[in-house]
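To start, the structure under review is shown below, and the notes come after it.
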Amino acid sequence: MTETDLRERIARELAGARQRTGLLTGCVDEADLVAQHSPLMSPLVWDLAHVANQEELWLLREVGGREPMHPEIDPLYDAFEHPRSERPTLPLLPPDEARSYGHEVRGRVLDLLESSRFDGSRLLEGGFAFGMIAQHEVQHDETMLITHQIRAGAPVLAAAPPPAPADAFRLPPEVFVPGGPFTMGTSTQPWALDNERPAHTVHVAPFFVDTTPVTCGAYAEFIADGGYDDPRWWTAGGWEHRQRAGLSAPLYWSRDGGAWLRTAFGRTEAITPAEPVMHVCWYEADAYARWAGRRLPTEAEWEKAARFDPVTGLTRGYPWGEQEPDGSRANLGQAYLRPAPAGSYPAGAAPCGARQLIGDVWEWTSSDFLPYPGFTAWPYREYSEVFFGPEYKVLRGGSFAVSPVACRGTFRNWDYPIRRQIFAGFRTARSAEAETA
Ligand SMILES: [Fe+2]
C-alpha cells in the first residue's frame, strides 16, 4: 500500500467510525445522553468524550508531540481510573462540549495525518497508531449500541433486515477440520493489536464444528427440554450462577403463552428461529453444548476453522482469503441491527465450509484469555495484559455491531463468563477421535 493509499484508508476509517458515533449519540436527547441506562454501561456522553480523549492522547500527543488540550479532563475519561458504574457521578463534559472537543481533536488529527510519515517509530509503522484509534472508536460504537439495547423508551434506531440465505437448508449441520499444525495469530497484520501477536504454530487434533452459529430455534429446544433445570448440563460454577441469577432463557427473551418473544432496541417481536441466538452467557453456551452431546470449540479450534486452508496449508487473514470484509461476505458494521439467518453469506465461508465465522454474533470459545507465547504488551499494558487470566473467556469473530476495521481472523475479544448484554452467541464442536474410539 502506498503512503497516499494508507493516508486515504486511515481518513476513511476515522470518518466512518465518527459517522456511526454521531448517529448513535445524535438520535437521543440530552437527558438520554447523560443518563446511565445500566450500571454495566457508561452514559453515552462519556463514550463520546472518551473516544476523543484517546484520540488526542495517542495521535496528537504521542505521535504529534503536541501539548495536552485539556489536561484537567484526562482522569475523567481514563477507563481504568473510574469503573463504569461510577462515571455518571463525574463532572463530565456536557454533550455539546464533548462534541466540540471531538470535532477539534479530529480536525487537528487530519492535519497531522496530511504530513505524517508511516515509519521511524513503532507507533507510526504501517499507520498503527491511527489504526488503533479507528479500532478503538468502532469498539465504542459497539459498546454504545449495547447501551441502546439496554435503554428503555421509544425506539430510536431502525435498519432493514439482512438478506436471507439461498441455500441454508442444504447445508450439513457440521463440517470437518483436519488435525495437524497451523499458524495462529499474526506477526504481519499492521493493525493487529498486541494480544493477536506473534504468529506461532499450534497443533490441533481433528474435530467437527457447527456449520453455523447455534440458532434461536435450536436454543428454544434446549429450554423446552428442561435444559435450564438439569444440573447435568452445567458446570458447578455455571449451575451456581444459573440458580443465583435465576437464568431461564436468553437475556431479552420473554414468554408469550407457548411462544418466545425477544426485545431488541425497544421493539418486541417473535423470535426468528433461523437467526443465531445471542445474549447468552458463557455458562449457558457451555450447558447447551453439553446437552447437545458436544462442547464449545477451543480458541485455537475456532481460529483453525476460520483461517486454515488444507489445500495450501496456509493460514488466511479471513475465512474467505485476504480481501477486507464487505457486505457480500459478512454482517458487520451495524448495517443491520441483528444477525443474519444461519447459513447466510456463502461468499464468506471458510475452507472447511463453516459460515458466519466473521460477523453476526461474537462466538464464545471454551478458552481462557491468555497471552500467546512471545507476547509483549504494546503500546500499553491496559489494552490486554492486565486482563490475562482464567476470569475471562475468549470470544471470536465479531458481531453485526462491530466494523470491519476491528474484525479479522486473528482478532480476540474477552469477557466474564456471566456476561449477557454483549452481542454474543456460539457454535459447538466435537473431537473427531471420539467417533473412532
Ligand atoms: Fe476505550
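To be explicit about the labels: the chains of the C-alpha cells are called A, B, and onward in the order shown, and within each one the residues are counted from 1, while ligands get numbers from 1 in the order they are shown.
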Within 9 Å of Ser399 of chain A using only C-alpha atoms, minus same-chain residues under 3 positions, as a compact mmCIF listing (two decimals) with C-alpha atoms, in the first residue's frame:
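See selection_3.txt below for the written result:
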```
# COMPACT_ATOMS: atom_id res chain seq x y z
CA GLU A 142 -20.43 -1.38 19.58
CA ASN A 331 -22.71 -8.96 8.50
CA LEU A 332 -20.66 -6.22 10.17
CA GLY A 333 -20.71 -2.51 10.92
CA GLN A 334 -24.30 -2.15 12.19
CA ARG A 338 -29.42 -8.11 14.04
CA PRO A 339 -27.55 -11.24 13.00
CA ILE A 358 -16.87 -13.33 10.87
CA GLY A 359 -19.73 -11.00 11.83
CA ASP A 360 -23.29 -11.72 13.05
CA VAL A 361 -22.54 -12.76 16.67
CA TRP A 362 -19.41 -12.94 18.79
CA GLU A 363 -18.77 -16.61 19.49
CA ARG A 396 -14.12 -14.64 18.44
CA VAL A 402 -18.53 -4.13 15.04
CA SER A 403 -16.91 -2.55 11.98
CA CYS A 407 -12.65 -7.60 12.93
CA PHE A 423 -23.93 -9.46 21.15
CA ALA A 424 -22.58 -12.95 21.79
```
Please identify every polymer residue within 7 Å of ligand 1, using only C-alpha atoms and all ligand atoms, and present the set as a list in words.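 So, counting only C-alpha atoms and all ligand atoms, the residues near ligand 1 are His50, Val51, Ala79, His136 and His140 of chain A.
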For atom CA of Trp233 of chain A and atom CA of Pro371 of chain A, quote the distance in Å rounded to one decimal. 29.5 Å
If you run DSSP over the backbone, which residues in segment 88-267 of chain A end up strand (DSSP E)? Put them as a ChimeraX atom specification. /A:174-177,180-184,200-204,207-210,253-256,259-264,267
Can you list every residue of segment 135-243 of chain A that has an atom at most 12 Å from segment 270-290 of chain A, with its nearest atom pair and the distance in Å to one decimal, using only C-alpha atoms, ordered by chain then number, as JSON lines?
```
{"residue": "A:Ile146", "atom": "CA", "partner": "A:His279", "partner_atom": "CA", "distance": 10.6}
{"residue": "A:Gln149", "atom": "CA", "partner": "A:His279", "partner_atom": "CA", "distance": 10.8}
{"residue": "A:Ile150", "atom": "CA", "partner": "A:His279", "partner_atom": "CA", "distance": 11.5}
{"residue": "A:Pro161", "atom": "CA", "partner": "A:Glu275", "partner_atom": "CA", "distance": 11.3}
{"residue": "A:Pro162", "atom": "CA", "partner": "A:Glu275", "partner_atom": "CA", "distance": 10.5}
{"residue": "A:Pro163", "atom": "CA", "partner": "A:Glu275", "partner_atom": "CA", "distance": 11.8}
{"residue": "A:Ala164", "atom": "CA", "partner": "A:Ala274", "partner_atom": "CA", "distance": 9.9}
{"residue": "A:Pro165", "atom": "CA", "partner": "A:Ala274", "partner_atom": "CA", "distance": 10.3}
{"residue": "A:Ala168", "atom": "CA", "partner": "A:Ala274", "partner_atom": "CA", "distance": 9.6}
{"residue": "A:Phe169", "atom": "CA", "partner": "A:Ala274", "partner_atom": "CA", "distance": 10.3}
{"residue": "A:Val209", "atom": "CA", "partner": "A:Ala289", "partner_atom": "CA", "distance": 11.5}
{"residue": "A:Asp210", "atom": "CA", "partner": "A:Ala289", "partner_atom": "CA", "distance": 10.9}
{"residue": "A:Thr211", "atom": "CA", "partner": "A:Pro276", "partner_atom": "CA", "distance": 11.8}
{"residue": "A:Thr212", "atom": "CA", "partner": "A:Pro276", "partner_atom": "CA", "distance": 8.1}
{"residue": "A:Pro213", "atom": "CA", "partner": "A:Pro276", "partner_atom": "CA", "distance": 5.6}
{"residue": "A:Val214", "atom": "CA", "partner": "A:Pro276", "partner_atom": "CA", "distance": 5.5}
{"residue": "A:Thr215", "atom": "CA", "partner": "A:Pro276", "partner_atom": "CA", "distance": 4.0}
{"residue": "A:Cys216", "atom": "CA", "partner": "A:Val277", "partner_atom": "CA", "distance": 4.5}
{"residue": "A:Gly217", "atom": "CA", "partner": "A:Pro273", "partner_atom": "CA", "distance": 3.9}
{"residue": "A:Ala218", "atom": "CA", "partner": "A:Pro273", "partner_atom": "CA", "distance": 7.5}
{"residue": "A:Tyr219", "atom": "CA", "partner": "A:Val277", "partner_atom": "CA", "distance": 7.0}
{"residue": "A:Ala220", "atom": "CA", "partner": "A:Pro273", "partner_atom": "CA", "distance": 8.3}
{"residue": "A:Glu221", "atom": "CA", "partner": "A:Tyr288", "partner_atom": "CA", "distance": 9.8}
{"residue": "A:Phe222", "atom": "CA", "partner": "A:Tyr288", "partner_atom": "CA", "distance": 6.6}
{"residue": "A:Ile223", "atom": "CA", "partner": "A:Tyr288", "partner_atom": "CA", "distance": 9.0}
{"residue": "A:Ala224", "atom": "CA", "partner": "A:Tyr288", "partner_atom": "CA", "distance": 11.9}
{"residue": "A:Asp225", "atom": "CA", "partner": "A:Tyr288", "partner_atom": "CA", "distance": 10.8}
{"residue": "A:Gly226", "atom": "CA", "partner": "A:Tyr288", "partner_atom": "CA", "distance": 10.8}
{"residue": "A:Gly227", "atom": "CA", "partner": "A:Tyr288", "partner_atom": "CA", "distance": 7.3}
{"residue": "A:Tyr228", "atom": "CA", "partner": "A:Ala287", "partner_atom": "CA", "distance": 8.3}
{"residue": "A:Asp229", "atom": "CA", "partner": "A:Ala287", "partner_atom": "CA", "distance": 10.8}
{"residue": "A:Asp230", "atom": "CA", "partner": "A:Ala287", "partner_atom": "CA", "distance": 9.5}
{"residue": "A:Pro231", "atom": "CA", "partner": "A:Ala287", "partner_atom": "CA", "distance": 8.9}
{"residue": "A:Arg232", "atom": "CA", "partner": "A:Arg290", "partner_atom": "CA", "distance": 8.4}
{"residue": "A:Trp233", "atom": "CA", "partner": "A:Ala287", "partner_atom": "CA", "distance": 4.8}
{"residue": "A:Trp234", "atom": "CA", "partner": "A:Ala287", "partner_atom": "CA", "distance": 4.8}
{"residue": "A:Thr235", "atom": "CA", "partner": "A:Ala287", "partner_atom": "CA", "distance": 7.4}
{"residue": "A:Ala236", "atom": "CA", "partner": "A:Tyr283", "partner_atom": "CA", "distance": 9.9}
{"residue": "A:Gly237", "atom": "CA", "partner": "A:Tyr283", "partner_atom": "CA", "distance": 8.1}
{"residue": "A:Gly238", "atom": "CA", "partner": "A:Tyr283", "partner_atom": "CA", "distance": 5.0}
{"residue": "A:Trp239", "atom": "CA", "partner": "A:Tyr283", "partner_atom": "CA", "distance": 8.1}
{"residue": "A:Glu240", "atom": "CA", "partner": "A:Tyr283", "partner_atom": "CA", "distance": 10.0}
{"residue": "A:His241", "atom": "CA", "partner": "A:Tyr283", "partner_atom": "CA", "distance": 8.1}
{"residue": "A:Arg242", "atom": "CA", "partner": "A:Tyr283", "partner_atom": "CA", "distance": 8.1}
{"residue": "A:Gln243", "atom": "CA", "partner": "A:Tyr283", "partner_atom": "CA", "distance": 11.7}
```
Residue subset to file, keeping C-alpha atoms, as a CSV table (one decimal), in the first residue's frame:
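The new file out04.csv reads:
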```
chain,number,residue,atom,x,y,z
A,146,ILE,CA,-25.2,-2.2,23.7
A,149,GLN,CA,-30.2,-2.2,23.5
A,150,ILE,CA,-30.4,-1.8,27.3
A,161,PRO,CA,-33.5,-6.9,7.8
A,162,PRO,CA,-30.4,-8.7,6.5
A,163,PRO,CA,-30.8,-10.7,3.2
A,164,ALA,CA,-32.0,-14.3,3.6
A,165,PRO,CA,-29.6,-17.1,2.6
A,168,ALA,CA,-29.1,-22.8,4.0
A,169,PHE,CA,-31.5,-25.8,4.0
A,209,VAL,CA,-17.6,-27.8,14.2
A,210,ASP,CA,-21.1,-26.5,13.5
A,211,THR,CA,-21.5,-25.1,10.0
A,212,THR,CA,-23.3,-22.1,11.5
A,213,PRO,CA,-23.8,-20.5,14.9
A,214,VAL,CA,-26.5,-22.1,17.1
A,215,THR,CA,-29.9,-20.7,16.2
A,216,CYS,CA,-32.8,-19.3,18.4
A,217,GLY,CA,-34.9,-22.3,17.2
A,218,ALA,CA,-32.3,-24.8,18.4
A,219,TYR,CA,-31.8,-23.0,21.7
A,220,ALA,CA,-35.5,-22.9,22.3
A,221,GLU,CA,-35.4,-26.8,22.1
A,222,PHE,CA,-32.8,-26.8,24.8
A,223,ILE,CA,-35.1,-24.7,27.0
A,224,ALA,CA,-38.2,-26.8,26.2
A,225,ASP,CA,-36.2,-29.9,27.1
A,226,GLY,CA,-35.6,-28.6,30.6
A,227,GLY,CA,-32.0,-27.6,29.9
A,228,TYR,CA,-32.1,-24.8,32.5
A,229,ASP,CA,-33.4,-27.2,35.2
A,230,ASP,CA,-31.0,-30.1,34.7
A,231,PRO,CA,-27.6,-29.7,36.5
A,232,ARG,CA,-26.1,-32.5,34.4
A,233,TRP,CA,-25.6,-30.0,31.6
A,234,TRP,CA,-23.9,-27.3,33.7
A,235,THR,CA,-20.5,-26.9,35.2
A,236,ALA,CA,-20.6,-26.4,39.0
A,237,GLY,CA,-19.9,-22.7,38.6
A,238,GLY,CA,-22.4,-22.5,35.8
A,239,TRP,CA,-25.2,-24.2,37.8
A,240,GLU,CA,-24.5,-22.0,40.8
A,241,HIS,CA,-24.7,-18.9,38.6
A,242,ARG,CA,-27.8,-20.1,36.9
A,243,GLN,CA,-29.5,-20.6,40.3
```
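Closest approach to Ala342 of chain A from the set A:Asp167, A:Glu433, A:Glu114, A:Asp256 is made by A:Asp167, with distances taken over only C-alpha atoms.
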Considering only C-alpha atoms, state which residue in the set A:Pro206, A:Gly389, A:Gly246, A:Pro404 is at the smallest distance from Pro181 of chain A.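 When distances to Pro181 of chain A are compared using only C-alpha atoms, the smallest one comes from A:Pro206.
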Give the answer as one residue: which of A:Leu314, A:Leu251, A:Ala158, A:Ala347 has the shortest atom-to-atom distance to Arg329 of chain A, using only C-alpha atoms? A:Ala347
Between atom CA of Pro95 of chain A and atom CA of Leu48 of chain A - distance in Å to one decimal: 8.1 Å
Give me the residues of segment 251-324 of chain A that have any atom at most 10 Å from an atom of segment 185-196 of chain A; for each, the nearest atom pair and the distance in Å, rounded to one decimal. Use only C-alpha atoms, sort by chain and number, and format it as CSV.
```
residue,atom,partner,partner_atom,distance
A:Ala300,CA,A:Gly185,CA,9.5
A:Glu303,CA,A:Gly185,CA,8.5
A:Thr315,CA,A:Gly185,CA,9.4
A:Gly317,CA,A:Gln189,CA,8.4
```
Include N, CA and C atoms and write out the residues we just selected as a short mmCIF file (atom, residue, chain, number, x, y, z; two decimals), in the first residue's frame.
```cif
data_model
loop_
_atom_site.label_atom_id
_atom_site.label_comp_id
_atom_site.auth_asym_id
_atom_site.auth_seq_id
_atom_site.Cartn_x
_atom_site.Cartn_y
_atom_site.Cartn_z
N ALA A 300 -8.20 -22.05 19.71
CA ALA A 300 -7.34 -22.49 18.60
C ALA A 300 -8.17 -23.22 17.54
N GLU A 303 -10.02 -20.63 15.53
CA GLU A 303 -9.17 -19.91 14.57
C GLU A 303 -8.74 -20.83 13.42
N THR A 315 -2.41 -20.13 6.35
CA THR A 315 -3.44 -19.52 7.19
C THR A 315 -3.86 -18.20 6.56
N GLY A 317 -6.08 -14.48 6.28
CA GLY A 317 -6.44 -13.36 7.15
C GLY A 317 -7.89 -13.43 7.58
#
```
Residues near Gly22 of chain A, cut-off 12 Å, only C-alpha atoms, skip fewer than 6 positions along chain, as a PDB file with C-alpha atoms, in the first residue's frame:
```pdb
ATOM      1  CA  ALA A  15     -14.603   9.212   9.240  1.00  0.00           C
ATOM      2  CA  GLY A  16     -16.671   6.009   9.195  1.00  0.00           C
ATOM      3  CA  VAL A  28     -31.387  10.604  21.563  1.00  0.00           C
ATOM      4  CA  LEU A  33     -27.087  11.052  26.648  1.00  0.00           C
ATOM      5  CA  LEU A  44     -23.306   7.726  26.153  1.00  0.00           C
ATOM      6  CA  VAL A  45     -21.810  11.175  26.744  1.00  0.00           C
ATOM      7  CA  ASP A  47     -18.083   7.351  25.421  1.00  0.00           C
ATOM      8  CA  LEU A  48     -18.388  10.440  23.227  1.00  0.00           C
ATOM      9  CA  ALA A  49     -15.643  12.391  25.017  1.00  0.00           C
ATOM     10  CA  VAL A  51     -13.017   8.397  22.169  1.00  0.00           C
ATOM     11  CA  PRO A  95     -22.937  16.831  25.298  1.00  0.00           C
ATOM     12  CA  ALA A  98     -17.998  16.705  24.300  1.00  0.00           C
ATOM     13  CA  ARG A  99     -18.956  17.048  20.632  1.00  0.00           C
ATOM     14  CA  SER A 100     -16.902  20.161  20.016  1.00  0.00           C
ATOM     15  CA  GLY A 102     -14.156  15.591  19.500  1.00  0.00           C
ATOM     16  CA  HIS A 103     -14.514  17.836  16.472  1.00  0.00           C
ATOM     17  CA  GLU A 137     -13.758   4.227  18.259  1.00  0.00           C
ATOM     18  CA  VAL A 138     -15.652   1.435  16.460  1.00  0.00           C
ATOM     19  CA  HIS A 140     -17.022   2.059  21.481  1.00  0.00           C
ATOM     20  CA  ASP A 141     -19.649   2.235  18.726  1.00  0.00           C
ATOM     21  CA  MET A 144     -22.811   2.347  22.622  1.00  0.00           C
TER      22      MET A 144
END
```
Using atom CA of Ser254 of chain A and atom CA of Gly26 of chain A as the two end points, give the distance in Å to one decimal.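 Going from atom CA of Ser254 of chain A over to atom CA of Gly26 of chain A covers 29.8 Å.
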Would you mind listing what lies within 12 Å of segment 8-11 of chain A as a JSON list (two decimals) with N, CA, C and O atoms, in the first residue's frame, with only C-alpha atoms counted and same-chain residues fewer than 2 positions away left out?
```json
[["chain", "number", "residue", "atom", "x", "y", "z"],
["A", 1, "MET", "N", 0.85, -1.20, 0.00],
["A", 1, "MET", "CA", 0.00, 0.00, 0.00],
["A", 1, "MET", "C", 0.88, 1.25, 0.00],
["A", 1, "MET", "O", 1.81, 1.35, 0.80],
["A", 2, "THR", "N", 0.61, 2.21, -0.91],
["A", 2, "THR", "CA", 1.42, 3.44, -0.94],
["A", 2, "THR", "C", 1.05, 4.32, 0.25],
["A", 2, "THR", "O", 0.00, 4.14, 0.87],
["A", 3, "GLU", "N", 1.90, 5.32, 0.53],
["A", 3, "GLU", "CA", 1.61, 6.23, 1.64],
["A", 3, "GLU", "C", 0.29, 6.95, 1.40],
["A", 3, "GLU", "O", -0.48, 7.18, 2.33],
["A", 4, "THR", "N", 0.04, 7.32, 0.15],
["A", 4, "THR", "CA", -1.22, 8.03, -0.17],
["A", 4, "THR", "C", -2.42, 7.13, 0.09],
["A", 4, "THR", "O", -3.41, 7.56, 0.68],
["A", 5, "ASP", "N", -2.31, 5.88, -0.35],
["A", 5, "ASP", "CA", -3.42, 4.93, -0.12],
["A", 5, "ASP", "C", -3.66, 4.72, 1.37],
["A", 5, "ASP", "O", -4.80, 4.66, 1.83],
["A", 6, "LEU", "N", -2.57, 4.60, 2.12],
["A", 6, "LEU", "CA", -2.68, 4.38, 3.56],
["A", 6, "LEU", "C", -3.33, 5.59, 4.22],
["A", 6, "LEU", "O", -4.22, 5.46, 5.07],
["A", 13, "GLU", "N", -11.43, 5.32, 7.52],
["A", 13, "GLU", "CA", -11.81, 4.56, 8.72],
["A", 13, "GLU", "C", -12.19, 5.50, 9.87],
["A", 13, "GLU", "O", -13.15, 5.25, 10.59],
["A", 14, "LEU", "N", -11.41, 6.58, 10.02],
["A", 14, "LEU", "CA", -11.73, 7.53, 11.09],
["A", 14, "LEU", "C", -13.08, 8.18, 10.84],
["A", 14, "LEU", "O", -13.90, 8.33, 11.75],
["A", 15, "ALA", "N", -13.33, 8.56, 9.58],
["A", 15, "ALA", "CA", -14.60, 9.21, 9.24],
["A", 15, "ALA", "C", -15.78, 8.25, 9.44],
["A", 15, "ALA", "O", -16.83, 8.65, 9.96],
["A", 16, "GLY", "N", -15.60, 7.00, 9.05],
["A", 16, "GLY", "CA", -16.67, 6.01, 9.19],
["A", 16, "GLY", "C", -17.03, 5.79, 10.66],
["A", 16, "GLY", "O", -18.21, 5.72, 11.02],
["A", 17, "ALA", "N", -16.00, 5.69, 11.49],
["A", 17, "ALA", "CA", -16.23, 5.49, 12.93],
["A", 17, "ALA", "C", -16.98, 6.69, 13.50],
["A", 17, "ALA", "O", -17.95, 6.54, 14.25],
["A", 18, "ARG", "N", -16.55, 7.90, 13.12],
["A", 18, "ARG", "CA", -17.18, 9.10, 13.67],
["A", 18, "ARG", "C", -18.62, 9.27, 13.21],
["A", 18, "ARG", "O", -19.48, 9.73, 13.95],
["A", 106, "ARG", "N", -10.35, 15.91, 16.10],
["A", 106, "ARG", "CA", -10.35, 15.28, 14.77],
["A", 106, "ARG", "C", -9.76, 16.21, 13.70],
["A", 106, "ARG", "O", -8.99, 15.76, 12.84],
["A", 107, "GLY", "N", -10.10, 17.49, 13.77],
["A", 107, "GLY", "CA", -9.54, 18.45, 12.80],
["A", 107, "GLY", "C", -8.01, 18.46, 12.87],
["A", 107, "GLY", "O", -7.32, 18.42, 11.84],
["A", 109, "VAL", "N", -6.10, 16.09, 14.06],
["A", 109, "VAL", "CA", -5.59, 14.77, 13.65],
["A", 109, "VAL", "C", -5.50, 14.70, 12.13],
["A", 109, "VAL", "O", -4.51, 14.19, 11.57],
["A", 110, "LEU", "N", -6.50, 15.22, 11.45],
["A", 110, "LEU", "CA", -6.47, 15.17, 9.98],
["A", 110, "LEU", "C", -5.33, 16.03, 9.44],
["A", 110, "LEU", "O", -4.70, 15.68, 8.44],
["A", 111, "ASP", "N", -5.05, 17.15, 10.11],
["A", 111, "ASP", "CA", -3.88, 17.97, 9.72],
["A", 111, "ASP", "C", -2.60, 17.17, 9.92],
["A", 111, "ASP", "O", -1.71, 17.18, 9.07],
["A", 112, "LEU", "N", -2.51, 16.51, 11.05],
["A", 112, "LEU", "CA", -1.32, 15.71, 11.37],
["A", 112, "LEU", "C", -1.14, 14.58, 10.34],
["A", 112, "LEU", "O", -0.03, 14.31, 9.88],
["A", 113, "LEU", "N", -2.25, 13.97, 9.98],
["A", 113, "LEU", "CA", -2.22, 12.85, 9.02],
["A", 113, "LEU", "C", -1.66, 13.29, 7.67],
["A", 113, "LEU", "O", -0.90, 12.55, 7.04],
["A", 114, "GLU", "N", -2.00, 14.50, 7.26],
["A", 114, "GLU", "CA", -1.51, 15.04, 5.97],
["A", 114, "GLU", "C", 0.01, 14.97, 5.86],
["A", 114, "GLU", "O", 0.55, 14.65, 4.81],
["A", 116, "SER", "N", 2.03, 13.25, 8.05],
["A", 116, "SER", "CA", 2.62, 12.17, 8.81],
["A", 116, "SER", "C", 3.33, 11.16, 7.90],
["A", 116, "SER", "O", 2.85, 10.82, 6.83],
["A", 118, "PHE", "N", 4.93, 7.18, 7.76],
["A", 118, "PHE", "CA", 4.49, 5.93, 8.37],
["A", 118, "PHE", "C", 5.68, 5.01, 8.67],
["A", 118, "PHE", "O", 5.62, 3.80, 8.47],
["A", 126, "GLY", "N", 3.32, 1.47, 9.47],
["A", 126, "GLY", "CA", 2.07, 0.97, 8.88],
["A", 126, "GLY", "C", 0.84, 1.76, 9.32],
["A", 126, "GLY", "O", -0.28, 1.32, 9.12],
["A", 127, "GLY", "N", 1.05, 2.92, 9.93],
["A", 127, "GLY", "CA", -0.07, 3.73, 10.42],
["A", 127, "GLY", "C", -0.72, 3.13, 11.66],
["A", 127, "GLY", "O", -1.90, 3.39, 11.94],
["A", 128, "PHE", "N", 0.06, 2.33, 12.44],
["A", 128, "PHE", "CA", -0.52, 1.58, 13.55],
["A", 128, "PHE", "C", -1.35, 2.44, 14.51],
["A", 128, "PHE", "O", -2.49, 2.10, 14.84],
["A", 129, "ALA", "N", -0.78, 3.57, 14.96],
["A", 129, "ALA", "CA", -1.49, 4.37, 15.98],
["A", 129, "ALA", "C", -2.83, 4.88, 15.43],
["A", 129, "ALA", "O", -3.83, 4.90, 16.15],
["A", 130, "PHE", "N", -2.85, 5.26, 14.16],
["A", 130, "PHE", "CA", -4.11, 5.70, 13.54],
["A", 130, "PHE", "C", -5.10, 4.54, 13.47],
["A", 130, "PHE", "O", -6.29, 4.70, 13.75],
["A", 131, "GLY", "N", -4.59, 3.38, 13.09],
["A", 131, "GLY", "CA", -5.45, 2.19, 13.00],
["A", 131, "GLY", "C", -5.98, 1.79, 14.37],
["A", 131, "GLY", "O", -7.14, 1.39, 14.51],
["A", 132, "MET", "N", -5.13, 1.93, 15.37],
["A", 132, "MET", "CA", -5.55, 1.58, 16.74],
["A", 132, "MET", "C", -6.69, 2.51, 17.19],
["A", 132, "MET", "O", -7.67, 2.06, 17.80],
["A", 133, "ILE", "N", -6.58, 3.78, 16.86],
["A", 133, "ILE", "CA", -7.61, 4.74, 17.27],
["A", 133, "ILE", "C", -8.91, 4.53, 16.49],
["A", 133, "ILE", "O", -10.01, 4.62, 17.07],
["A", 134, "ALA", "N", -8.81, 4.20, 15.22],
["A", 134, "ALA", "CA", -10.04, 3.88, 14.45],
["A", 134, "ALA", "C", -10.72, 2.66, 15.06],
["A", 134, "ALA", "O", -11.94, 2.62, 15.23],
["A", 135, "GLN", "N", -9.93, 1.65, 15.41],
["A", 135, "GLN", "CA", -10.49, 0.43, 16.02],
["A", 135, "GLN", "C", -11.10, 0.75, 17.38],
["A", 135, "GLN", "O", -12.15, 0.24, 17.74],
["A", 191, "TRP", "N", -2.20, -3.59, 11.59],
["A", 191, "TRP", "CA", -3.08, -3.01, 12.61],
["A", 191, "TRP", "C", -3.54, -4.03, 13.65],
["A", 191, "TRP", "O", -4.42, -3.75, 14.47],
["A", 324, "GLU", "N", -10.51, -7.46, 2.39],
["A", 324, "GLU", "CA", -11.23, -6.85, 3.52],
["A", 324, "GLU", "C", -12.70, -7.30, 3.47],
["A", 324, "GLU", "O", -13.25, -7.49, 2.39],
["A", 405, "VAL", "N", -12.94, -2.81, 10.40],
["A", 405, "VAL", "CA", -11.58, -2.42, 10.80],
["A", 405, "VAL", "C", -11.15, -3.10, 12.10],
["A", 405, "VAL", "O", -9.96, -3.32, 12.33]]
```
Helix (DSSP H, G or I) residues, from DSSP on the backbone, in segment 17-225 of chain A, as an MDAnalysis selection string: chainID A and resid 17:26 30:34 44:63 71:77 84:89 95:115 125:150 168:170 194:196 216:224
